[in-house]
Each structure stands twice: as C-alpha cells, then as structure tokens.
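Colleague: This is data06.cif, which holds mmCIF, C-alpha atoms:
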data_final
loop_
_atom_site.group_PDB
_atom_site.id
_atom_site.type_symbol
_atom_site.label_atom_id
_atom_site.label_comp_id
_atom_site.auth_asym_id
_atom_site.auth_seq_id
_atom_site.Cartn_x
_atom_site.Cartn_y
_atom_site.Cartn_z
ATOM 1 C CA MET A 1299 -0.357 13.213 17.416
ATOM 2 C CA ILE A 1300 0.333 10.559 14.774
ATOM 3 C CA GLY A 1301 -2.471 9.927 12.291
ATOM 4 C CA VAL A 1302 -3.159 7.060 9.903
ATOM 5 C CA ALA A 1303 -5.433 8.027 7.003
ATOM 6 C CA GLY A 1304 -6.889 5.033 5.209
ATOM 7 C CA CYS A 1305 -7.783 2.290 7.668
ATOM 8 C CA GLY A 1306 -8.091 -0.732 5.439
ATOM 9 C CA ARG A 1307 -6.253 -3.914 6.347
ATOM 10 C CA ILE A 1308 -2.721 -2.554 6.180
ATOM 11 C CA GLY A 1309 -3.633 0.879 7.533
ATOM 12 C CA THR A 1310 -5.362 -0.691 10.523
ATOM 13 C CA SER A 1311 -2.362 -2.947 11.132
ATOM 14 C CA LEU A 1312 -0.135 0.136 11.202
ATOM 15 C CA LEU A 1313 -2.553 1.866 13.567
ATOM 16 C CA GLU A 1314 -2.583 -1.148 15.899
ATOM 17 C CA ALA A 1315 1.218 -1.398 15.859
ATOM 18 C CA LEU A 1316 1.567 2.257 16.837
ATOM 19 C CA LEU A 1317 -1.015 1.858 19.599
ATOM 20 C CA GLU A 1318 0.774 -1.205 20.955
ATOM 21 C CA ALA A 1319 3.989 0.825 21.092
ATOM 22 C CA GLY A 1320 2.254 3.434 23.232
ATOM 23 C CA ALA A 1321 2.066 6.181 20.611
ATOM 24 C CA HIS A 1322 -0.620 8.862 20.672
ATOM 25 C CA VAL A 1323 -2.345 7.857 17.442
ATOM 26 C CA ALA A 1324 -5.699 8.163 15.682
ATOM 27 C CA GLY A 1325 -7.111 6.847 12.434
ATOM 28 C CA PHE A 1326 -9.269 8.382 9.719
ATOM 29 C CA ASP A 1327 -11.380 6.642 7.114
ATOM 30 C CA ILE A 1328 -14.280 7.763 4.968
ATOM 31 C CA LEU A 1329 -16.135 4.597 6.010
ATOM 32 C CA THR A 1330 -17.326 4.141 9.577
ATOM 33 C CA GLN A 1331 -15.143 1.656 11.456
ATOM 34 C CA SER A 1332 -15.817 -0.119 14.739
ATOM 35 C CA HIS A 1333 -12.359 0.755 16.089
ATOM 36 C CA ALA A 1334 -12.440 3.231 18.983
ATOM 37 C CA VAL A 1335 -9.691 5.517 17.643
ATOM 38 C CA ILE A 1336 -10.812 5.627 13.978
ATOM 39 C CA THR A 1337 -13.023 8.563 13.029
ATOM 40 C CA THR A 1338 -14.791 9.846 9.926
ATOM 41 C CA ASP A 1339 -14.539 13.442 11.222
ATOM 42 C CA ILE A 1340 -11.636 15.055 9.345
ATOM 43 C CA GLU A 1341 -11.524 18.167 11.538
ATOM 44 C CA GLN A 1342 -11.306 16.089 14.707
ATOM 45 C CA PHE A 1343 -8.627 13.885 13.153
ATOM 46 C CA ALA A 1344 -6.529 16.794 11.860
ATOM 47 C CA SER A 1345 -6.772 19.200 14.781
ATOM 48 C CA SER A 1346 -3.613 18.092 16.634
ATOM 49 C CA LEU A 1347 -1.988 16.100 13.825
ATOM 50 C CA ARG A 1348 1.802 16.301 13.540
ATOM 51 C CA THR A 1349 2.768 13.157 11.587
ATOM 52 C CA LEU A 1350 0.455 11.761 8.915
ATOM 53 C CA PHE A 1351 0.693 8.292 7.368
ATOM 54 C CA ILE A 1352 -1.321 8.125 4.141
ATOM 55 C CA VAL A 1353 -2.421 4.566 3.363
ATOM 56 C CA VAL A 1354 -5.419 5.282 1.126
ATOM 57 C CA GLY A 1355 -6.150 3.552 -2.184
ATOM 58 C CA ASP A 1356 -4.576 5.632 -4.933
ATOM 59 C CA ALA A 1357 -3.732 9.142 -6.167
ATOM 60 C CA SER A 1358 -7.387 10.177 -6.438
ATOM 61 C CA ASP A 1359 -7.874 9.258 -2.777
ATOM 62 C CA VAL A 1360 -4.791 11.278 -1.806
ATOM 63 C CA GLU A 1361 -6.199 14.252 -3.746
ATOM 64 C CA ALA A 1362 -9.505 13.955 -1.900
ATOM 65 C CA LEU A 1363 -7.787 13.591 1.469
ATOM 66 C CA LEU A 1364 -5.313 16.456 1.215
ATOM 67 C CA PHE A 1365 -6.796 18.962 -1.197
ATOM 68 C CA ASP A 1366 -10.390 18.321 -2.212
ATOM 69 C CA THR A 1367 -13.207 16.484 -0.418
ATOM 70 C CA GLN A 1368 -11.664 16.179 3.055
ATOM 71 C CA ALA A 1369 -9.139 18.999 2.498
ATOM 72 C CA LEU A 1370 -7.077 17.862 5.474
ATOM 73 C CA LEU A 1371 -4.416 20.526 4.924
ATOM 74 C CA ARG A 1372 -6.938 23.246 5.768
ATOM 75 C CA HIS A 1373 -7.481 21.736 9.200
ATOM 76 C CA ALA A 1374 -4.006 20.403 10.105
ATOM 77 C CA SER A 1375 -2.284 23.565 11.291
ATOM 78 C CA GLU A 1376 0.288 21.606 13.333
ATOM 79 C CA LEU A 1377 1.218 19.117 10.609
ATOM 80 C CA GLN A 1378 4.984 18.621 10.317
ATOM 81 C CA GLN A 1379 5.479 15.373 8.425
ATOM 82 C CA ILE A 1380 3.746 13.280 5.743
ATOM 83 C CA VAL A 1381 4.662 9.647 5.093
ATOM 84 C CA LEU A 1382 3.139 8.629 1.783
ATOM 85 C CA CYS A 1383 2.547 4.865 1.738
ATOM 86 C CA THR A 1384 -0.096 4.836 -1.006
ATOM 87 C CA SER A 1385 0.808 3.401 -4.421
ATOM 88 C CA VAL A 1386 1.234 6.435 -6.688
ATOM 89 C CA SER A 1387 3.611 7.506 -9.425
ATOM 90 C CA GLN A 1388 6.885 9.308 -8.827
ATOM 91 C CA GLY A 1389 5.505 12.329 -10.673
ATOM 92 C CA TYR A 1390 2.488 12.464 -8.397
ATOM 93 C CA VAL A 1391 4.714 12.454 -5.309
ATOM 94 C CA HIS A 1392 6.479 15.509 -6.722
ATOM 95 C CA SER A 1393 3.163 17.210 -7.454
ATOM 96 C CA VAL A 1394 2.155 16.812 -3.803
ATOM 97 C CA ARG A 1395 5.492 18.244 -2.707
ATOM 98 C CA ASP A 1396 4.965 21.275 -4.951
ATOM 99 C CA ARG A 1397 1.537 22.041 -3.490
ATOM 100 C CA ILE A 1398 2.233 21.954 0.234
ATOM 101 C CA SER A 1399 4.268 24.104 2.566
ATOM 102 C CA ASN A 1400 8.018 23.585 2.584
ATOM 103 C CA ASP A 1401 7.727 23.404 6.375
ATOM 104 C CA ILE A 1402 6.078 19.995 6.009
ATOM 105 C CA GLN A 1403 8.491 17.109 5.423
ATOM 106 C CA ILE A 1404 7.536 14.339 2.978
ATOM 107 C CA VAL A 1405 8.888 10.827 2.671
ATOM 108 C CA ASP A 1406 7.541 8.286 0.207
ATOM 109 C CA ALA A 1407 7.498 4.900 1.903
ATOM 110 C CA ALA A 1408 6.357 2.344 -0.643
ATOM 111 C CA ILE A 1409 5.091 -0.858 0.960
ATOM 112 C CA VAL A 1410 6.348 -4.239 -0.190
ATOM 113 C CA GLY A 1411 4.524 -7.138 1.416
ATOM 114 C CA SER A 1412 1.141 -8.662 2.029
ATOM 115 C CA VAL A 1413 -1.656 -8.106 4.513
ATOM 116 C CA ARG A 1414 -0.269 -11.097 6.426
ATOM 117 C CA ASP A 1415 3.165 -9.423 6.514
ATOM 118 C CA ALA A 1416 1.541 -6.306 7.966
ATOM 119 C CA GLU A 1417 -0.249 -8.310 10.630
ATOM 120 C CA ASN A 1418 3.043 -10.047 11.503
ATOM 121 C CA ARG A 1419 4.941 -6.709 11.549
ATOM 122 C CA MET A 1420 7.194 -7.880 8.697
ATOM 123 C CA LEU A 1421 6.630 -5.322 5.931
ATOM 124 C CA THR A 1422 9.427 -3.970 3.754
ATOM 125 C CA PHE A 1423 9.598 -0.242 2.953
ATOM 126 C CA LEU A 1424 11.288 1.446 0.000
ATOM 127 C CA LEU A 1425 12.083 4.962 1.153
ATOM 128 C CA GLY A 1426 12.562 8.098 -0.909
ATOM 129 C CA GLY A 1427 13.453 11.495 0.518
ATOM 130 C CA SER A 1428 16.207 13.282 2.381
ATOM 131 C CA ASP A 1429 18.320 11.256 4.799
ATOM 132 C CA ASP A 1430 17.242 13.423 7.739
ATOM 133 C CA ASP A 1431 13.547 12.988 6.962
ATOM 134 C CA ILE A 1432 13.946 9.234 6.508
ATOM 135 C CA ASP A 1433 15.841 8.992 9.811
ATOM 136 C CA GLU A 1434 12.784 10.415 11.574
ATOM 137 C CA VAL A 1435 10.387 8.020 9.866
ATOM 138 C CA ILE A 1436 12.176 4.688 10.311
ATOM 139 C CA PRO A 1437 11.572 4.340 14.090
ATOM 140 C CA LEU A 1438 7.825 4.590 13.457
ATOM 141 C CA LEU A 1439 7.845 2.268 10.456
ATOM 142 C CA SER A 1440 9.912 -0.258 12.412
ATOM 143 C CA MET A 1441 6.802 -0.936 14.499
ATOM 144 C CA ILE A 1442 5.240 -2.671 11.499
ATOM 145 C CA GLY A 1443 8.230 -3.427 9.264
ATOM 146 C CA ASN A 1444 11.585 -5.164 9.508
ATOM 147 C CA SER A 1445 13.331 -4.185 6.256
ATOM 148 C CA PHE A 1446 14.086 -0.668 5.062
ATOM 149 C CA TYR A 1447 15.794 0.437 1.861
ATOM 150 C CA ARG A 1448 16.835 4.005 1.152
ATOM 151 C CA VAL A 1449 16.542 4.172 -2.616
ATOM 152 C CA GLY A 1450 17.132 7.840 -3.391
ATOM 153 C CA ASP A 1451 15.430 11.194 -3.560
ATOM 154 C CA LEU A 1452 11.753 11.862 -2.990
ATOM 155 C CA GLY A 1453 9.619 9.700 -5.282
ATOM 156 C CA MET A 1454 12.198 6.981 -5.819
ATOM 157 C CA GLY A 1455 10.536 4.680 -3.294
ATOM 158 C CA MET A 1456 7.468 4.566 -5.525
ATOM 159 C CA GLN A 1457 9.621 4.187 -8.629
ATOM 160 C CA VAL A 1458 11.497 1.141 -7.335
ATOM 161 C CA ASN A 1459 8.309 -0.332 -5.894
ATOM 162 C CA GLY A 1460 6.941 -0.456 -9.408
ATOM 163 C CA TYR A 1461 9.568 -2.983 -10.438
ATOM 164 C CA SER A 1462 8.729 -5.226 -7.488
ATOM 165 C CA ALA A 1463 5.024 -4.781 -8.217
ATOM 166 C CA MET A 1464 5.395 -6.043 -11.769
ATOM 167 C CA MET A 1465 7.104 -9.218 -10.610
ATOM 168 C CA SER A 1466 4.654 -10.092 -7.837
ATOM 169 C CA ALA A 1467 1.561 -9.168 -9.878
ATOM 170 C CA CYS A 1468 2.693 -11.382 -12.755
ATOM 171 C CA GLN A 1469 3.166 -14.283 -10.357
ATOM 172 C CA THR A 1470 -0.300 -13.752 -8.879
ATOM 173 C CA ALA A 1471 -1.854 -13.793 -12.338
ATOM 174 C CA VAL A 1472 0.016 -16.915 -13.402
ATOM 175 C CA THR A 1473 -0.839 -18.720 -10.140
ATOM 176 C CA HIS A 1474 -4.539 -18.059 -10.695
ATOM 177 C CA LEU A 1475 -4.212 -19.182 -14.301
ATOM 178 C CA ALA A 1476 -2.511 -22.415 -13.193
ATOM 179 C CA LEU A 1477 -5.468 -23.150 -10.912
ATOM 180 C CA ASP A 1478 -7.924 -22.470 -13.727
ATOM 181 C CA TRP A 1479 -6.052 -24.826 -16.049
ATOM 182 C CA GLY A 1480 -5.785 -27.489 -13.359
ATOM 183 C CA ARG A 1481 -9.516 -27.297 -12.694
ATOM 184 C CA ALA A 1482 -10.216 -27.598 -16.428
ATOM 185 C CA ALA A 1483 -8.022 -30.717 -16.490
ATOM 186 C CA GLY A 1484 -10.121 -32.301 -13.744
ATOM 187 C CA LEU A 1485 -7.814 -31.739 -10.754
ATOM 188 C CA GLN A 1486 -9.296 -30.928 -7.372
ATOM 189 C CA ASP A 1487 -8.388 -27.485 -6.021
ATOM 190 C CA THR A 1488 -7.293 -28.964 -2.695
ATOM 191 C CA GLN A 1489 -4.888 -31.371 -4.398
ATOM 192 C CA LEU A 1490 -3.382 -28.724 -6.666
ATOM 193 C CA LEU A 1491 -3.103 -26.175 -3.856
ATOM 194 C CA ASP A 1492 -1.330 -28.723 -1.680
ATOM 195 C CA ILE A 1493 1.184 -29.370 -4.453
ATOM 196 C CA LEU A 1494 1.741 -25.642 -5.016
ATOM 197 C CA VAL A 1495 2.160 -24.863 -1.322
ATOM 198 C CA ASN A 1496 4.726 -27.603 -0.801
ATOM 199 C CA ASN A 1497 6.709 -27.025 -3.975
ATOM 200 C CA SER A 1498 6.646 -23.271 -4.509
ATOM 201 C CA ASN A 1499 8.733 -20.296 -3.469
ATOM 202 C CA PRO A 1500 7.611 -18.100 -0.530
ATOM 203 C CA LEU A 1501 5.997 -15.511 -2.811
ATOM 204 C CA THR A 1502 3.739 -18.090 -4.442
ATOM 205 C CA GLN A 1503 2.919 -19.570 -1.053
ATOM 206 C CA ASP A 1504 1.828 -16.145 0.163
ATOM 207 C CA ILE A 1505 -0.334 -15.668 -2.938
ATOM 208 C CA ILE A 1506 -1.998 -19.027 -2.282
ATOM 209 C CA VAL A 1507 -3.049 -17.939 1.222
ATOM 210 C CA ASN A 1508 -5.534 -15.536 -0.379
ATOM 211 C CA ILE A 1509 -6.048 -17.459 -3.613
ATOM 212 C CA ARG A 1510 -9.818 -17.787 -3.285
ATOM 213 C CA GLU A 1511 -10.328 -14.046 -3.072
ATOM 214 C CA GLY A 1512 -11.187 -12.212 -6.234
ATOM 215 C CA TYR A 1513 -10.224 -8.624 -6.928
ATOM 216 C CA THR A 1514 -11.425 -6.023 -4.448
ATOM 217 C CA GLN A 1515 -10.006 -2.570 -3.740
ATOM 218 C CA ASP A 1516 -8.953 -3.511 -0.226
ATOM 219 C CA ASN A 1517 -7.464 -7.002 -0.500
ATOM 220 C CA GLN A 1518 -4.027 -8.280 -1.506
ATOM 221 C CA ILE A 1519 -4.924 -8.510 -5.184
ATOM 222 C CA GLY A 1520 -6.321 -4.988 -5.128
ATOM 223 C CA MET A 1521 -3.107 -3.719 -3.568
ATOM 224 C CA GLN A 1522 -1.043 -5.478 -6.231
ATOM 225 C CA ALA A 1523 -3.227 -3.958 -8.936
ATOM 226 C CA ARG A 1524 -2.740 -0.452 -7.528
ATOM 227 C CA ASN A 1525 1.017 -0.996 -7.341
ATOM 228 C CA LEU A 1526 1.081 -2.255 -10.906
ATOM 229 C CA ALA A 1527 -0.995 0.674 -12.175
ATOM 230 C CA ALA A 1528 1.488 3.064 -10.560
ATOM 231 C CA ALA A 1529 4.367 1.119 -12.115
ATOM 232 C CA ILE A 1530 2.823 1.501 -15.560
ATOM 233 C CA GLU A 1531 2.496 5.241 -14.997
ATOM 234 C CA ASN A 1532 6.161 5.331 -13.923
ATOM 235 C CA ALA A 1533 7.326 3.390 -17.001
ATOM 236 C CA PRO A 1534 10.064 4.939 -19.172
ATOM 237 C CA LYS A 1535 8.770 6.967 -22.102
ATOM 238 C CA PRO A 1536 8.659 5.425 -24.612
ATOM 239 C CA GLY A 1537 8.371 2.025 -22.986
ATOM 240 C CA ASP A 1538 6.739 -1.346 -23.597
ATOM 241 C CA VAL A 1539 3.859 -1.689 -21.140
ATOM 242 C CA ALA A 1540 1.921 -4.384 -23.024
ATOM 243 C CA ILE A 1541 2.731 -7.194 -20.598
ATOM 244 C CA PRO A 1542 2.079 -5.299 -17.328
ATOM 245 C CA GLN A 1543 -1.105 -3.781 -18.782
ATOM 246 C CA SER A 1544 -2.382 -7.242 -19.703
ATOM 247 C CA VAL A 1545 -1.607 -8.495 -16.189
ATOM 248 C CA LEU A 1546 -3.357 -5.480 -14.655
ATOM 249 C CA ASN A 1547 -6.481 -6.127 -16.712
ATOM 250 C CA TYR A 1548 -6.350 -9.804 -15.707
ATOM 251 C CA LEU A 1549 -6.082 -9.014 -11.984
ATOM 252 C CA ARG A 1550 -8.930 -6.504 -12.077
ATOM 253 C CA ASN A 1551 -11.217 -9.154 -13.560
ATOM 254 C CA LEU A 1552 -10.457 -11.950 -11.087
ATOM 255 C CA LYS A 1553 -13.567 -13.349 -9.421
ATOM 256 C CA PRO A 1554 -13.723 -15.071 -6.013
ATOM 257 C CA GLN A 1555 -13.249 -18.825 -6.172
ATOM 258 C CA SER A 1556 -15.677 -21.043 -4.296
#
Before we go any further, please render this structure as structure tokens.
Modeller:
Amino acid sequence: MIGVAGCGRIGTSLLEALLEAGAHVAGFDILTQSHAVITTDIEQFASSLRTLFIVVGDASDVEALLFDTQALLRHASELQQIVLCTSVSQGYVHSVRDRISNDIQIVDAAIVGSVRDAENRMLTFLLGGSDDDIDEVIPLLSMIGNSFYRVGDLGMGMQVNGYSAMMSACQTAVTHLALDWGRAAGLQDTQLLDILVNNSNPLTQDIIVNIREGYTQDNQIGMQARNLAAAIENAPKPGDVAIPQSVLNYLRNLKPQS
C-alpha cells in the first residue's frame, strides 16, 4: 500500500491524484478528516504500508510521525520506501537516514509550487537520492507533478529548494508590502490587485491568488515560511541570513486581509 502522511492541502491533492490513478492508497493525519481513506489510527495506516510519502509540516512533525508520538516505524513492518516531501534541512534528512533500516529506501522530494499547482497536478520536485531510488519514485510523483530535477545525493533536493524558497518568499513579502503601501496611499485593493495581476510575472500572479490570506501553518504562506526556515538552517556557515530571517519574521506575522 502507498501511504500519504500529512493530509493538508498538498497532501490531500497527492492522495487524490494517487486514488484517481487507481493506486491502493491511504492517508494519515493527526486531525480527523472527512475523507473516507484518511485515518487518525497510525497502526491501521502502517500495517500494510510499503511506500510512505511524508507531507507533514516540519522536522518536529517528522520526528513525531516516525520516531516519537506516532512511532510509525514500530508498526510499519513492510515499509520499503520513504519519500520525504516535508521542508526540512539537508542535515535532518541525513539524520533520518542514519536512524532507520538500510533496507528502507529514502528519497527527498522537495516541492516547488503552490496549492493551486498541486490541485492542477503541476508541481515541480527537486529530487535527492540514488538514481535507482529516484527512478522508482518519479512514476508516482508524476501523478501530481510535471517537472522533475535530479539535483544530487540524498538531502540535496532540500538544499536546492532552499534557494528557490528564498526567492519566492521575498516576493510574497514584497507583494504584501506593496498592497499595504497602496492602501496607505488611498488606492482601492481591487484597483491595485487588477494592476498587479495584469502587469506581473506568473509568480506574483500566483501569490495574488491567495493574497488575502494571512499566515497559517497549512496555507501557501505557511508553506513558504517552512521552506524559508529550512533554507536558513541549510545556509553556509558562516553565512549572512539577515535578509531571509527578516522575511521569515515578516511572513509569520502576516494577518488576513479583509
């Protein structure tokens, strides 16, 4: 069985894509979901699990899932493959590898794209791991994505994703700031948004789709913040993280716009 752990917006889109393709798939989330194949029972979820997609929030959620609170590895005796899609640091990917059986393959598959991209099956994946392991993963990821980049050894998918995360997160922050300044100048949001939509690049246009949302763990801004936090952790030592840290703080304090 294929399992998707972490059934937020993107995780549920992956689950739905696998179901539509006829795969034997189930979902797990710590919160009760209305979906028929998503459970909160970790033992039920893990009992016949062979391939696991991890799409939870961050490293602490991965710890809880695999080793601590849910302790999935105790229950998943048939597990053969882990695809780590959560935004974590390269070092954390290696720490997971060091703590699980060598019989279990791991690929880090960093997600580049928005919730809308997931719903439209147009995500991009940055893949780290052995070529053989990646070859096995791509047919499954192709059900929700259309671009795949092999970027190196295990952990490099997360490393490269950090660079993309910095760029998109900065643009999100600046787009919100532009709206704040326009409002202060007396412009109507609808007028300014119309100008931005018609005269911006595709990334800004995608940001504007969810512009009225503030920061939450499970929305597009929350995903960007997690990616950026992982990028900061991945930064060269010593390295200048003042700008990305300021952007991260800004994103985490964004409030919904009426």
Colleague: Please write as a short mmCIF file (atom, residue, chain, number, x, y, z; two decimals) with C-alpha atoms, in the frame of the given file the list of polymer residues whose atoms come within 10 Å of (-2.0, 11.5, -7.8), counting all atoms listed in the file and keeping to the coordinates of the file.
Modeller:
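Below you can see out_11.cif, which holds the result:
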data_model
loop_
_atom_site.label_atom_id
_atom_site.label_comp_id
_atom_site.auth_asym_id
_atom_site.auth_seq_id
_atom_site.Cartn_x
_atom_site.Cartn_y
_atom_site.Cartn_z
CA ASP A 1356 -4.58 5.63 -4.93
CA ALA A 1357 -3.73 9.14 -6.17
CA SER A 1358 -7.39 10.18 -6.44
CA ASP A 1359 -7.87 9.26 -2.78
CA VAL A 1360 -4.79 11.28 -1.81
CA GLU A 1361 -6.20 14.25 -3.75
CA ALA A 1362 -9.51 13.96 -1.90
CA THR A 1384 -0.10 4.84 -1.01
CA SER A 1385 0.81 3.40 -4.42
CA VAL A 1386 1.23 6.44 -6.69
CA SER A 1387 3.61 7.51 -9.43
CA GLN A 1388 6.88 9.31 -8.83
CA GLY A 1389 5.50 12.33 -10.67
CA TYR A 1390 2.49 12.46 -8.40
CA VAL A 1391 4.71 12.45 -5.31
CA HIS A 1392 6.48 15.51 -6.72
CA SER A 1393 3.16 17.21 -7.45
CA VAL A 1394 2.15 16.81 -3.80
CA ALA A 1528 1.49 3.06 -10.56
#
Colleague: What would the selection look like, as JSON, numbers by chain, if the PyMOL selection byres ((chain A and resi 1513-1523) around 7) were run on the coordinates I just shared?
Modeller: {"A": [1306, 1412, 1413, 1463, 1467, 1511, 1512, 1524, 1525, 1526, 1527, 1546, 1549, 1550, 1551, 1552, 1553]}
Colleague: For the file shown, what are the residues hit by the PyMOL selection byres ((chain A and resi 1311-1318) around 7), laid out as a list in words?
Modeller: Val1302, Arg1307, Ile1308, Gly1309, Thr1310, Ala1319, Gly1320, Ala1321, Val1323, Gly1325, Ala1416, Glu1417, Met1441 and Ile1442 of chain A
Colleague: Hey, what comes out of the PyMOL selection byres ((chain A and resi 1340) around 9) on this file? Could you write it as number ranges by chain?
Modeller: A: 1326-1328, 1337-1339, 1341-1345, 1363, 1368-1370, 1373
Colleague: Go ahead and write the selection's residues with C-alpha atoms as a CSV table (one decimal), in the coordinates of the input.
Modeller:
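File part-v6.csv, as written:
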chain,number,residue,atom,x,y,z
A,1326,PHE,CA,-9.3,8.4,9.7
A,1327,ASP,CA,-11.4,6.6,7.1
A,1328,ILE,CA,-14.3,7.8,5.0
A,1337,THR,CA,-13.0,8.6,13.0
A,1338,THR,CA,-14.8,9.8,9.9
A,1339,ASP,CA,-14.5,13.4,11.2
A,1341,GLU,CA,-11.5,18.2,11.5
A,1342,GLN,CA,-11.3,16.1,14.7
A,1343,PHE,CA,-8.6,13.9,13.2
A,1344,ALA,CA,-6.5,16.8,11.9
A,1345,SER,CA,-6.8,19.2,14.8
A,1363,LEU,CA,-7.8,13.6,1.5
A,1368,GLN,CA,-11.7,16.2,3.1
A,1369,ALA,CA,-9.1,19.0,2.5
A,1370,LEU,CA,-7.1,17.9,5.5
A,1373,HIS,CA,-7.5,21.7,9.2
Colleague: Record the distance separating atom CA of Pro1542 of chain A and atom CA of Gln1469 of chain A, expressed in Å with one decimal.
Modeller: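 Separating atom CA of Pro1542 of chain A from atom CA of Gln1469 of chain A is a distance of 11.4 Å.
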Colleague: When you draw a straight line from atom CA of Val1353 of chain A to atom CA of Cys1305 of chain A, how long is it in Å?
Modeller: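 Result for atom CA of Val1353 of chain A versus atom CA of Cys1305 of chain A: 7.2 Å, one decimal.
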Colleague: Where's the centre, and what are the edge lengths in Å to one decimal, of a box along x, y and z enclosing all listed atoms of segment 1448-1467 of chain A padded 5 Å per side, as lines of an AutoDock Vina configuration file?
Modeller:
center_x = 9.3
center_y = 0.9
center_z = -5.3
size_x = 25.6
size_y = 32.0
size_z = 22.9
Colleague: What does the distance between atom CA of Gly1453 of chain A and atom CA of Ile1432 of chain A come to in Å, to one decimal place?
Modeller: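 Distance between the two atoms: 12.6 Å.
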Colleague: Give the answer as one residue: which of A:Val1354, A:Met1454, A:Ala1533, A:Ile1404 has the shortest atom-to-atom distance to Asp1431 of chain A, using only C-alpha atoms?
Modeller: A:Ile1404
Colleague: Rank nothing, just name the residue among A:Cys1468, A:Leu1377, A:Leu1452, A:Ile1493 nearest to Asp1396 of chain A, using only C-alpha atoms.
Modeller: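 Nearest candidate to Asp1396 of chain A out of A:Cys1468, A:Leu1377, A:Leu1452, A:Ile1493: A:Leu1452.
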Colleague: Between A:Leu1364, A:Met1456, A:Val1545, A:Ala1303, single out the one closest to Val1405 of chain A, counting all atoms listed in the file.
Modeller: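 For Val1405 of chain A, the nearest of the candidates is A:Met1456.
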Colleague: Some atoms are missing, so please complete segment 1523-1537 of chain A with N, CA, C and O atoms and return it as a PDB file, keeping the file's coordinate frame.
Modeller:
ATOM      1  N   ALA A1523      -2.752  -4.662  -7.751  1.00  0.00           N
ATOM      2  CA  ALA A1523      -3.227  -3.958  -8.936  1.00  0.00           C
ATOM      3  C   ALA A1523      -2.904  -2.466  -8.852  1.00  0.00           C
ATOM      4  O   ALA A1523      -2.486  -1.854  -9.851  1.00  0.00           O
ATOM      5  N   ARG A1524      -3.078  -1.877  -7.692  1.00  0.00           N
ATOM      6  CA  ARG A1524      -2.740  -0.452  -7.528  1.00  0.00           C
ATOM      7  C   ARG A1524      -1.242  -0.230  -7.739  1.00  0.00           C
ATOM      8  O   ARG A1524      -0.828   0.743  -8.388  1.00  0.00           O
ATOM      9  N   ASN A1525      -0.430  -1.109  -7.159  1.00  0.00           N
ATOM     10  CA  ASN A1525       1.017  -0.996  -7.341  1.00  0.00           C
ATOM     11  C   ASN A1525       1.402  -1.110  -8.812  1.00  0.00           C
ATOM     12  O   ASN A1525       2.258  -0.375  -9.309  1.00  0.00           O
ATOM     13  N   LEU A1526       0.754  -2.048  -9.504  1.00  0.00           N
ATOM     14  CA  LEU A1526       1.081  -2.255 -10.906  1.00  0.00           C
ATOM     15  C   LEU A1526       0.634  -1.072 -11.759  1.00  0.00           C
ATOM     16  O   LEU A1526       1.342  -0.662 -12.688  1.00  0.00           O
ATOM     17  N   ALA A1527      -0.523  -0.506 -11.445  1.00  0.00           N
ATOM     18  CA  ALA A1527      -0.995   0.674 -12.175  1.00  0.00           C
ATOM     19  C   ALA A1527      -0.019   1.833 -12.014  1.00  0.00           C
ATOM     20  O   ALA A1527       0.283   2.562 -12.978  1.00  0.00           O
ATOM     21  N   ALA A1528       0.498   2.015 -10.786  1.00  0.00           N
ATOM     22  CA  ALA A1528       1.488   3.064 -10.560  1.00  0.00           C
ATOM     23  C   ALA A1528       2.778   2.773 -11.317  1.00  0.00           C
ATOM     24  O   ALA A1528       3.425   3.687 -11.848  1.00  0.00           O
ATOM     25  N   ALA A1529       3.157   1.491 -11.377  1.00  0.00           N
ATOM     26  CA  ALA A1529       4.367   1.119 -12.115  1.00  0.00           C
ATOM     27  C   ALA A1529       4.229   1.451 -13.591  1.00  0.00           C
ATOM     28  O   ALA A1529       5.173   1.950 -14.225  1.00  0.00           O
ATOM     29  N   ILE A1530       3.057   1.184 -14.153  1.00  0.00           N
ATOM     30  CA  ILE A1530       2.823   1.501 -15.560  1.00  0.00           C
ATOM     31  C   ILE A1530       2.926   3.003 -15.793  1.00  0.00           C
ATOM     32  O   ILE A1530       3.506   3.458 -16.783  1.00  0.00           O
ATOM     33  N   GLU A1531       2.396   3.784 -14.871  1.00  0.00           N
ATOM     34  CA  GLU A1531       2.496   5.241 -14.997  1.00  0.00           C
ATOM     35  C   GLU A1531       3.941   5.707 -14.896  1.00  0.00           C
ATOM     36  O   GLU A1531       4.343   6.694 -15.512  1.00  0.00           O
ATOM     37  N   ASN A1532       4.749   4.983 -14.108  1.00  0.00           N
ATOM     38  CA  ASN A1532       6.161   5.331 -13.923  1.00  0.00           C
ATOM     39  C   ASN A1532       7.057   4.820 -15.048  1.00  0.00           C
ATOM     40  O   ASN A1532       8.256   5.102 -15.054  1.00  0.00           O
ATOM     41  N   ALA A1533       6.505   4.045 -15.982  1.00  0.00           N
ATOM     42  CA  ALA A1533       7.326   3.390 -17.001  1.00  0.00           C
ATOM     43  C   ALA A1533       8.093   4.409 -17.840  1.00  0.00           C
ATOM     44  O   ALA A1533       7.631   5.528 -18.057  1.00  0.00           O
ATOM     45  N   PRO A1534       9.301   4.037 -18.299  1.00  0.00           N
ATOM     46  CA  PRO A1534      10.064   4.939 -19.172  1.00  0.00           C
ATOM     47  C   PRO A1534       9.245   5.289 -20.411  1.00  0.00           C
ATOM     48  O   PRO A1534       8.440   4.501 -20.893  1.00  0.00           O
ATOM     49  N   LYS A1535       9.460   6.497 -20.903  1.00  0.00           N
ATOM     50  CA  LYS A1535       8.770   6.967 -22.102  1.00  0.00           C
ATOM     51  C   LYS A1535       9.788   7.151 -23.228  1.00  0.00           C
ATOM     52  O   LYS A1535      10.732   7.918 -23.077  1.00  0.00           O
ATOM     53  N   PRO A1536       9.665   6.469 -24.371  1.00  0.00           N
ATOM     54  CA  PRO A1536       8.659   5.425 -24.612  1.00  0.00           C
ATOM     55  C   PRO A1536       9.057   4.134 -23.928  1.00  0.00           C
ATOM     56  O   PRO A1536      10.230   3.896 -23.672  1.00  0.00           O
ATOM     57  N   GLY A1537       8.088   3.305 -23.629  1.00  0.00           N
ATOM     58  CA  GLY A1537       8.371   2.025 -22.986  1.00  0.00           C
ATOM     59  C   GLY A1537       7.319   1.003 -23.365  1.00  0.00           C
ATOM     60  O   GLY A1537       6.192   1.350 -23.726  1.00  0.00           O
TER      61      GLY A1537
END
